[in-house]
Structures are given as structure tokens and as C-alpha cells.
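A short worksheet on the structure shown next.
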Amino acid sequence: MTISAAGRPLIPQPPATVTALRQAVSHIAPAALPAFTGELDQAAGPAPLRRFIAQWAVYVHIQRHPELAADLRRWEDAAQSGDAAQARAAASAIGRILDGAHTDVIPRPM
């Protein structure tokens, strides 16, 4: 993975297209390419393709920010701790991260 200057994204947010997202994933998270390709193969039709693009645009947005990606991984680990209170706190934190990324990359309908 490319190292960013403190607080700066590794790459600019790519356009929300399959080609641009594939290129971004190959650059910042090459280990995720098999999942990207597998999910793309399953996204038949306009609605599943829109969901796929939105999901991977959010993923790329988070992975572009190493600190945010590390926070998400820590919360995902905490969610599986077996402690109910910790799992609830983790789910809430994960939701905030995903909601923030979604707001940043998915245009709102006018």
C-alpha cells in the first residue's frame, strides 16, 4: 500500500465507474481485487450494478485514508470480541464511518 502524508488521501477519489474503481482498488488495496471481481460478476442488472458501484466507492473512499481504514479494522475486530456492550459500541462506530464515507461519495438526488 502507498503511504500517505499525514492526513492526506493516498489517491484522489475516483469517479464512480467500474473501471476507475477497479484501478483504485488495484492501487490501494490489491488484495481486495478478487472480491471486487467476484462481486462485479454477480452484479447483473442496473440496480445490483448501482449497489456494487456505491459499495466499492465507499470502500475506496475509506481505504484512501489509512487512518480511517485502520480505525474501521479496529472497530470490526472489536465487534467480534464477544462482549455485547463492546459489540454495540463497535457497530455504532462502524456505522458512523460508513455513513460518513457514503455521504462523501454518493451524490444526493436533487
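In the C-alpha cells, chains take the letters A, B, ... in the order shown, each chain's residues start at 1, and ligands count up from 1 in the order shown.
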Backbone DSSP call of helix (DSSP H, G or I) for segment 2-110 of chain A, listed as a ChimeraX atom specification: /A:18-28,30-42,46-63,66-79,84-105
Surrounding residues of segment 49-58 of chain A excluding itself and chain neighbours under 4 positions, 10 Å, only C-alpha atoms, as a VMD selection string: chain A and resid 13 to 18 20 to 22 24 to 25 36 39 to 45 62 to 64 97 to 107
Please save C-alpha atoms of the selected residues as an mmCIF file, in the first residue's frame.
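Written output follows (selection11.cif):
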data_model
loop_
_atom_site.group_PDB
_atom_site.id
_atom_site.type_symbol
_atom_site.label_atom_id
_atom_site.label_comp_id
_atom_site.auth_asym_id
_atom_site.auth_seq_id
_atom_site.Cartn_x
_atom_site.Cartn_y
_atom_site.Cartn_z
ATOM 1 C CA GLN A 13 -11.403 9.781 -5.035
ATOM 2 C CA PRO A 14 -12.013 8.185 -8.427
ATOM 3 C CA PRO A 15 -15.198 8.615 -10.419
ATOM 4 C CA ALA A 16 -17.887 6.108 -9.507
ATOM 5 C CA THR A 17 -17.329 3.848 -12.512
ATOM 6 C CA VAL A 18 -16.324 0.199 -12.592
ATOM 7 C CA ALA A 20 -11.985 3.789 -12.203
ATOM 8 C CA LEU A 21 -12.859 1.876 -9.037
ATOM 9 C CA ARG A 22 -11.031 -1.240 -10.272
ATOM 10 C CA ALA A 24 -8.165 2.479 -7.493
ATOM 11 C CA VAL A 25 -8.608 -0.882 -5.731
ATOM 12 C CA PHE A 36 -14.165 -6.777 -6.415
ATOM 13 C CA GLU A 39 -18.935 -9.163 -6.733
ATOM 14 C CA LEU A 40 -18.889 -7.465 -10.141
ATOM 15 C CA ASP A 41 -19.611 -10.816 -11.780
ATOM 16 C CA GLN A 42 -22.670 -11.157 -9.505
ATOM 17 C CA ALA A 43 -23.972 -7.627 -10.210
ATOM 18 C CA ALA A 44 -26.298 -8.404 -13.107
ATOM 19 C CA GLY A 45 -28.738 -5.647 -13.951
ATOM 20 C CA ILE A 62 -12.196 4.652 3.311
ATOM 21 C CA GLN A 63 -9.074 2.860 2.052
ATOM 22 C CA ARG A 64 -7.702 6.106 0.591
ATOM 23 C CA ILE A 97 -17.603 5.583 9.411
ATOM 24 C CA LEU A 98 -19.689 4.020 6.648
ATOM 25 C CA ASP A 99 -22.346 6.746 6.775
ATOM 26 C CA GLY A 100 -19.685 9.461 6.556
ATOM 27 C CA ALA A 101 -17.991 7.775 3.605
ATOM 28 C CA HIS A 102 -21.321 7.241 1.872
ATOM 29 C CA THR A 103 -22.226 10.910 2.327
ATOM 30 C CA ASP A 104 -18.859 11.954 0.911
ATOM 31 C CA VAL A 105 -19.005 9.835 -2.261
ATOM 32 C CA ILE A 106 -22.627 9.211 -3.200
ATOM 33 C CA PRO A 107 -24.380 12.223 -4.711
#
A:Ser81, A:Ser26, A:Ser92, A:Thr37 ranked by distance to Ile11 of chain A, top pick (using only C-alpha atoms):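 Closest to Ile11 of chain A of all the choices is A:Ser26.
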Among listed residues A:Arg108, A:His27, A:Arg96, A:His61, nearest Trp75 of chain A (using only C-alpha atoms):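 Comparing A:Arg108, A:His27, A:Arg96, A:His61 against Trp75 of chain A, the winner is A:Arg96.
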Pick from A:Val60, A:Ala84, A:Ala90, A:Ala47, whichever lies nearest to Ile28 of chain A using only C-alpha atoms: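 Smallest separation from Ile28 of chain A among the options: A:Val60.
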Atom-to-atom span, atom CA of Ala91 of chain A and atom CA of Glu76 of chain A, Å: 7.9 Å
Coordinates-based distance that separates atom CA of Pro66 of chain A from atom CA of Ala87 of chain A (Å, one decimal):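 Interatomic distance here is 22.8 Å.
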Nearest to Tyr59 of chain A by atom-to-atom distance, counting only C-alpha atoms, from A:Pro12, A:Pro109, A:Asp83, A:Ala29: A:Ala29
Which of A:Gln80, A:Asp71, A:Pro48, A:His65 sits closest to Ala93 of chain A [using only C-alpha atoms]: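 Using only C-alpha atoms, Ala93 of chain A sits closest to A:Asp71.
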Point-to-point distance in Å for atom CA of Pro34 of chain A and atom CA of Arg73 of chain A: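 Taking atom CA of Arg73 of chain A as the start and atom CA of Pro34 of chain A as the end point, the length is 19.2 Å.
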